[in-house]
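Engineer: The following file, coords_27.pdb, comprises PDB, C-alpha atoms:
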ATOM      1  CA  MET K  13      -6.467  48.278 -48.008
ATOM      2  CA  ILE K  14      -4.984  46.196 -45.197
ATOM      3  CA  GLU K  15      -1.813  48.322 -45.281
ATOM      4  CA  THR K  16      -3.818  51.454 -44.505
ATOM      5  CA  VAL K  17      -5.938  49.836 -41.788
ATOM      6  CA  ILE K  18      -3.107  48.287 -39.778
ATOM      7  CA  PRO K  19      -1.484  51.567 -38.566
ATOM      8  CA  ILE K  20      -4.908  52.764 -37.350
ATOM      9  CA  ALA K  21      -5.415  49.494 -35.487
ATOM     10  CA  PHE K  22      -1.903  49.731 -33.979
ATOM     11  CA  THR K  23      -2.690  53.252 -32.755
ATOM     12  CA  LEU K  24      -6.001  52.222 -31.179
ATOM     13  CA  VAL K  25      -4.549  49.194 -29.395
ATOM     14  CA  ALA K  26      -1.537  51.217 -28.203
ATOM     15  CA  LEU K  27      -3.931  53.826 -26.770
ATOM     16  CA  ALA K  28      -5.773  50.989 -25.035
ATOM     17  CA  VAL K  29      -2.465  49.824 -23.502
ATOM     18  CA  VAL K  30      -1.797  53.368 -22.246
ATOM     19  CA  LEU K  31      -5.272  53.479 -20.628
ATOM     20  CA  ASN K  32      -4.579  50.110 -18.990
ATOM     21  CA  PHE K  33      -1.335  51.460 -17.566
ATOM     22  CA  TRP K  34      -3.269  54.431 -16.158
ATOM     23  CA  ARG K  35      -5.605  52.062 -14.309
ATOM     24  CA  LEU K  36      -2.639  49.920 -13.226
ATOM     25  CA  LEU K  37      -0.901  52.934 -11.658
ATOM     26  CA  PHE K  38      -3.893  54.743 -10.116
ATOM     27  CA  GLY K  39      -6.351  51.864  -9.550
ATOM     28  CA  PRO K  40      -7.694  52.374  -6.040
ATOM     29  CA  ASP K  41      -7.810  48.693  -5.032
ATOM     30  CA  ALA K  42      -5.915  45.485  -5.696
ATOM     31  CA  PRO K  43      -8.626  43.881  -7.939
ATOM     32  CA  ASP K  44      -8.526  46.971 -10.179
ATOM     33  CA  ARG K  45      -4.812  46.458 -10.714
ATOM     34  CA  ILE K  46      -5.265  42.746 -11.394
ATOM     35  CA  LEU K  47      -7.988  43.591 -13.914
ATOM     36  CA  ALA K  48      -5.637  46.086 -15.570
ATOM     37  CA  LEU K  49      -2.927  43.398 -15.826
ATOM     38  CA  ASP K  50      -5.472  40.953 -17.260
ATOM     39  CA  THR K  51      -6.531  43.466 -19.924
ATOM     40  CA  LEU K  52      -2.874  44.252 -20.584
ATOM     41  CA  TYR K  53      -2.044  40.681 -21.566
ATOM     42  CA  VAL K  54      -5.116  40.424 -23.791
ATOM     43  CA  ASN K  55      -4.063  43.658 -25.521
ATOM     44  CA  THR K  56      -0.543  42.280 -25.903
ATOM     45  CA  ILE K  57      -2.033  39.317 -27.780
ATOM     46  CA  ALA K  58      -3.867  41.802 -30.007
ATOM     47  CA  LEU K  59      -0.619  43.683 -30.699
ATOM     48  CA  LEU K  60       1.230  40.442 -31.498
ATOM     49  CA  VAL K  61      -1.494  39.310 -33.899
ATOM     50  CA  LEU K  62      -1.483  42.703 -35.607
ATOM     51  CA  PHE K  63       2.294  42.529 -35.952
ATOM     52  CA  GLY K  64       1.941  39.044 -37.411
ATOM     53  CA  ILE K  65      -0.403  40.389 -40.100
ATOM     54  CA  TYR K  66       1.848  43.440 -40.621
ATOM     55  CA  SER K  67       4.981  41.373 -41.231
ATOM     56  CA  ALA K  68       3.036  38.543 -42.974
ATOM     57  CA  SER K  69       4.758  35.866 -40.888
ATOM     58  CA  ASN K  70       3.033  33.333 -38.673
ATOM     59  CA  ILE K  71       5.800  32.667 -36.139
ATOM     60  CA  TYR K  72       4.148  34.948 -33.565
ATOM     61  CA  PHE K  73       1.163  32.725 -32.759
ATOM     62  CA  GLU K  74       3.098  30.409 -30.505
ATOM     63  CA  ALA K  75       4.090  33.503 -28.515
ATOM     64  CA  ALA K  76       0.460  34.655 -28.443
ATOM     65  CA  LEU K  77      -0.668  31.238 -27.201
ATOM     66  CA  LEU K  78       2.010  31.226 -24.490
ATOM     67  CA  ILE K  79       1.038  34.729 -23.366
ATOM     68  CA  ALA K  80      -2.635  33.694 -23.200
ATOM     69  CA  LEU K  81      -1.763  30.638 -21.089
ATOM     70  CA  MET K  82       0.604  32.397 -18.691
ATOM     71  CA  GLY K  83      -1.629  35.456 -18.373
ATOM     72  CA  PHE K  84      -4.610  33.332 -17.375
ATOM     73  CA  VAL K  85      -2.534  31.429 -14.804
ATOM     74  CA  GLY K  86      -1.224  34.724 -13.410
ATOM     75  CA  THR K  87      -4.707  36.250 -13.101
ATOM     76  CA  VAL K  88      -6.061  33.135 -11.372
ATOM     77  CA  ALA K  89      -3.085  33.016  -8.988
ATOM     78  CA  LEU K  90      -3.424  36.693  -8.012
ATOM     79  CA  SER K  91      -7.204  36.386  -7.515
ATOM     80  CA  LYS K  92      -6.758  33.242  -5.427
ATOM     81  CA  TYR K  93      -4.191  35.082  -3.320
ATOM     82  CA  LEU K  94      -6.693  37.876  -2.631
ATOM     83  CA  LEU K  95      -9.465  35.359  -1.915
ATOM     84  CA  ARG K  96      -7.653  32.939   0.384
ATOM     85  CA  GLY K  97      -4.352  34.575   1.341
ATOM     86  CA  ASP K  98      -2.626  31.568  -0.204
ATOM     87  CA  ILE K  99      -2.318  30.208  -3.736
ATOM     88  CA  ILE K 100      -1.741  26.460  -3.330
ATOM     89  CA  GLU K 101      -3.282  25.165  -0.125
TER      90      GLU K 101
ATOM     91  CA  MET B   7     -13.249  41.052 -51.600
ATOM     92  CA  ILE B   8     -11.603  39.070 -48.814
ATOM     93  CA  GLU B   9      -9.239  42.025 -48.287
ATOM     94  CA  TYR B  10     -12.182  44.261 -47.397
ATOM     95  CA  ILE B  11     -13.582  41.706 -44.953
ATOM     96  CA  ILE B  12     -10.165  41.378 -43.255
ATOM     97  CA  SER B  13      -9.779  45.174 -43.070
ATOM     98  CA  ALA B  14     -13.252  45.611 -41.577
ATOM     99  CA  LEU B  15     -12.569  42.898 -38.991
ATOM    100  CA  ILE B  16      -9.245  44.507 -38.031
ATOM    101  CA  LEU B  17     -10.884  47.926 -37.614
ATOM    102  CA  ILE B  18     -13.802  46.534 -35.579
ATOM    103  CA  GLY B  19     -11.423  44.521 -33.398
ATOM    104  CA  ALA B  20      -9.115  47.455 -32.678
ATOM    105  CA  LEU B  21     -12.104  49.717 -31.956
ATOM    106  CA  PHE B  22     -13.630  47.244 -29.486
ATOM    107  CA  THR B  23     -10.267  46.713 -27.787
ATOM    108  CA  PHE B  24      -9.947  50.470 -27.337
ATOM    109  CA  ILE B  25     -13.537  50.796 -26.060
ATOM    110  CA  GLY B  26     -12.909  48.048 -23.500
ATOM    111  CA  SER B  27      -9.889  49.859 -22.085
ATOM    112  CA  LEU B  28     -11.784  53.161 -22.160
ATOM    113  CA  GLY B  29     -14.458  51.518 -20.032
ATOM    114  CA  LEU B  30     -11.757  50.268 -17.659
ATOM    115  CA  VAL B  31     -10.652  53.868 -17.078
ATOM    116  CA  ARG B  32     -13.944  55.771 -17.243
ATOM    117  CA  LEU B  33     -16.449  53.651 -15.288
ATOM    118  CA  LYS B  34     -17.126  54.442 -11.653
ATOM    119  CA  ASP B  35     -16.746  51.332  -9.504
ATOM    120  CA  PHE B  36     -15.001  47.997  -9.797
ATOM    121  CA  TYR B  37     -18.076  45.910 -10.608
ATOM    122  CA  THR B  38     -18.978  48.086 -13.596
ATOM    123  CA  ARG B  39     -15.330  48.322 -14.599
ATOM    124  CA  LEU B  40     -15.258  44.537 -14.846
ATOM    125  CA  HIS B  41     -17.642  44.700 -17.829
ATOM    126  CA  GLY B  42     -15.391  46.643 -20.203
ATOM    127  CA  PRO B  43     -12.330  44.399 -20.421
ATOM    128  CA  THR B  44     -14.153  41.104 -20.080
ATOM    129  CA  LYS B  45     -16.732  41.692 -22.818
ATOM    130  CA  ALA B  46     -15.561  44.396 -25.212
ATOM    131  CA  THR B  47     -11.875  43.470 -25.179
ATOM    132  CA  THR B  48     -12.604  39.756 -25.596
ATOM    133  CA  LEU B  49     -14.814  40.490 -28.609
ATOM    134  CA  GLY B  50     -12.197  42.845 -30.058
ATOM    135  CA  VAL B  51      -9.319  40.406 -29.726
ATOM    136  CA  GLY B  52     -11.518  37.600 -31.051
ATOM    137  CA  SER B  53     -12.297  39.713 -34.092
ATOM    138  CA  LEU B  54      -8.606  40.501 -34.628
ATOM    139  CA  LEU B  55      -7.680  36.824 -34.336
ATOM    140  CA  PHE B  56     -10.434  35.889 -36.788
ATOM    141  CA  ALA B  57      -9.098  38.491 -39.238
ATOM    142  CA  SER B  58      -5.638  36.980 -38.850
ATOM    143  CA  ALA B  59      -7.016  33.480 -39.451
ATOM    144  CA  LEU B  60      -8.660  34.708 -42.669
ATOM    145  CA  TYR B  61      -5.449  36.488 -43.700
ATOM    146  CA  PHE B  62      -3.263  33.407 -43.328
ATOM    147  CA  SER B  63      -5.890  31.119 -44.888
ATOM    148  CA  ARG B  64      -5.796  33.030 -48.188
ATOM    149  CA  GLY B  65      -3.189  30.691 -49.694
ATOM    150  CA  GLY B  66      -5.652  27.814 -49.573
ATOM    151  CA  GLU B  67      -4.716  25.880 -46.432
ATOM    152  CA  LEU B  68      -6.616  26.612 -43.245
ATOM    153  CA  SER B  69      -4.692  28.335 -40.450
ATOM    154  CA  MET B  70      -5.705  26.886 -37.080
ATOM    155  CA  HIS B  71      -3.333  28.629 -34.609
ATOM    156  CA  GLU B  72      -5.572  31.676 -34.286
ATOM    157  CA  ILE B  73      -8.686  29.570 -33.762
ATOM    158  CA  LEU B  74      -6.846  27.873 -30.885
ATOM    159  CA  VAL B  75      -5.931  31.206 -29.253
ATOM    160  CA  THR B  76      -9.500  32.495 -29.772
ATOM    161  CA  LEU B  77     -11.035  29.419 -28.155
ATOM    162  CA  PHE B  78      -8.631  29.633 -25.233
ATOM    163  CA  LEU B  79      -9.379  33.333 -24.668
ATOM    164  CA  PHE B  80     -13.144  32.825 -24.930
ATOM    165  CA  ILE B  81     -13.000  30.016 -22.364
ATOM    166  CA  THR B  82     -10.668  31.712 -19.877
ATOM    167  CA  ALA B  83     -12.021  35.293 -19.906
ATOM    168  CA  PRO B  84     -15.265  34.472 -18.000
ATOM    169  CA  VAL B  85     -13.351  32.293 -15.525
ATOM    170  CA  SER B  86     -10.880  35.038 -14.637
ATOM    171  CA  ALA B  87     -13.713  37.611 -14.468
ATOM    172  CA  HIS B  88     -15.630  35.372 -12.078
ATOM    173  CA  LEU B  89     -12.580  34.928  -9.854
ATOM    174  CA  LEU B  90     -11.916  38.686  -9.861
ATOM    175  CA  ALA B  91     -15.523  39.418  -8.903
ATOM    176  CA  LYS B  92     -15.296  36.870  -6.091
ATOM    177  CA  ALA B  93     -12.093  38.486  -4.847
ATOM    178  CA  ALA B  94     -13.712  41.949  -4.965
ATOM    179  CA  LEU B  95     -16.746  40.681  -3.025
ATOM    180  CA  HIS B  96     -14.435  39.080  -0.486
ATOM    181  CA  LEU B  97     -12.594  42.385  -0.001
ATOM    182  CA  GLN B  98     -16.001  44.182   0.184
ATOM    183  CA  LEU B  99     -15.109  46.877  -2.317
ATOM    184  CA  ARG B 100     -17.260  49.990  -2.593
ATOM    185  CA  SER B 101     -20.185  49.513  -4.977
ATOM    186  CA  LEU B 102     -22.508  52.070  -6.570
ATOM    187  CA  ALA B 103     -25.496  49.752  -6.205
ATOM    188  CA  GLU B 104     -27.616  49.823  -3.064
ATOM    189  CA  PRO B 105     -27.115  46.827  -0.787
ATOM    190  CA  PRO B 106     -30.044  44.369  -0.832
ATOM    191  CA  GLU B 107     -32.743  44.418   1.873
ATOM    192  CA  ALA B 108     -31.818  42.768   5.138
ATOM    193  CA  GLU B 109     -33.071  39.248   5.793
ATOM    194  CA  SER B 110     -34.842  40.223   9.048
ATOM    195  CA  LYS B 111     -37.372  42.451   7.242
ATOM    196  CA  ARG B 112     -38.792  39.493   5.371
ATOM    197  CA  ASP B 113     -41.455  38.290   7.824
TER     198      ASP B 113
END
Is it possible to express this structure as structure tokens?

Structural biologist:
Amino acid sequence: MIETVIPIAFTLVALAVVLNFWRLLFGPDAPDRILALDTLYVNTIALLVLFGIYSASNIYFEAALLIALMGFVGTVALSKYLLRGDIIE
Amino acid sequence: MIEYIISALILIGALFTFIGSLGLVRLKDFYTRLHGPTKATTLGVGSLLFASALYFSRGGELSMHEILVTLFLFITAPVSAHLLAKAALHLQLRSLAEPPEAESKRD
């Protein structure tokens, strides 16, 4: 059952990544692109978790945690740059 | 039985992740676009992580890594959305909604 569901889930999340890249390339303003990057890292976590289930190994969660941490810091830094013109004042 | 629950959670999670990105592409202005990734994608990834936690807890011992990632995502997604909305308001992006009534009309 899980073996048949996982390829479908991979396809859906990969399509989501492609849509994010579309918004990243053609997004009219800077916040749109930052939002696309934010969604991209969340989808990367989804892909990593799916691959962890697919290969039945739990060594990918440290990577997922690191991506979550660094992605959040990156989003906050980019938003702060747009808000204040400076990141650390 | 647990296999079916895990499969359903994986399908729901992948579907919500896809719907969130679809909203990011299809919606008309930035403030509506903010809804898709911050709500649908967070729910989808949370569902996927919960499915993974169930999958690796089958052997008997509880798997806590996924719960940690889920908690972190659920805490940080609203914060980053709030900062992005503040940045968009600061840049005065085009919005579909009408601007509110001016203060001078109030008296």

Engineer: List, as a short mmCIF file (atom, residue, chain, number, x, y, z; two decimals) with C-alpha atoms, in the frame of the given file, every residue that the PyMOL selection byres ((chain B) within 6 of (chain K)) selects in the file provided.

Structural biologist:
data_model
loop_
_atom_site.label_atom_id
_atom_site.label_comp_id
_atom_site.auth_asym_id
_atom_site.auth_seq_id
_atom_site.Cartn_x
_atom_site.Cartn_y
_atom_site.Cartn_z
CA SER B 13 -9.78 45.17 -43.07
CA ALA B 20 -9.12 47.46 -32.68
CA PHE B 24 -9.95 50.47 -27.34
CA SER B 27 -9.89 49.86 -22.08
CA PRO B 43 -12.33 44.40 -20.42
CA VAL B 51 -9.32 40.41 -29.73
CA VAL B 75 -5.93 31.21 -29.25
CA LEU B 90 -11.92 38.69 -9.86
CA ALA B 93 -12.09 38.49 -4.85
#

Engineer: For B:Glu9, find every residue with an atom within 10 Å (counting all atoms listed in the file), except residues of its own chain fewer than 2 positions away, and show them as an NGL selection string.

Structural biologist: (:K and (13-14)) or (:B and (7 or 11-15 or 57 or 60-61 or 64))

Engineer: What's the 12 Å shell around B:Lys45, counting only C-alpha atoms, without same-chain residues fewer than 4 positions away, as a list in words?

Structural biologist: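 Selected residues are Thr51 and Val54 of chain K; Phe22, Thr23, Phe24, Ile25, Gly26, Ser27, Gly29, Leu30, Thr38, Arg39, Leu40, His41, Leu49, Gly50, Val51, Gly52, Leu79, Phe80, Ala83, Pro84 and Ala87 of chain B.
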
Engineer: Quick one, how far is atom CA of B:Met70 from atom CA of B:Leu21?

Structural biologist: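 Atom-to-atom, atom CA of B:Met70 to atom CA of B:Leu21, that is 24.3 Å.
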
Engineer: Applying 8 Å and only C-alpha atoms, which residues near B:Ser53 remain after dropping the ones on its own chain fewer than 5 positions away? List them as a PyMOL selection string.

Structural biologist: chain B and resi 15-16+18-19

Engineer: One decimal, in Å: what's the spacing between atom CA of B:Leu99 and atom CA of B:Phe36?

Structural biologist: 7.6 Å
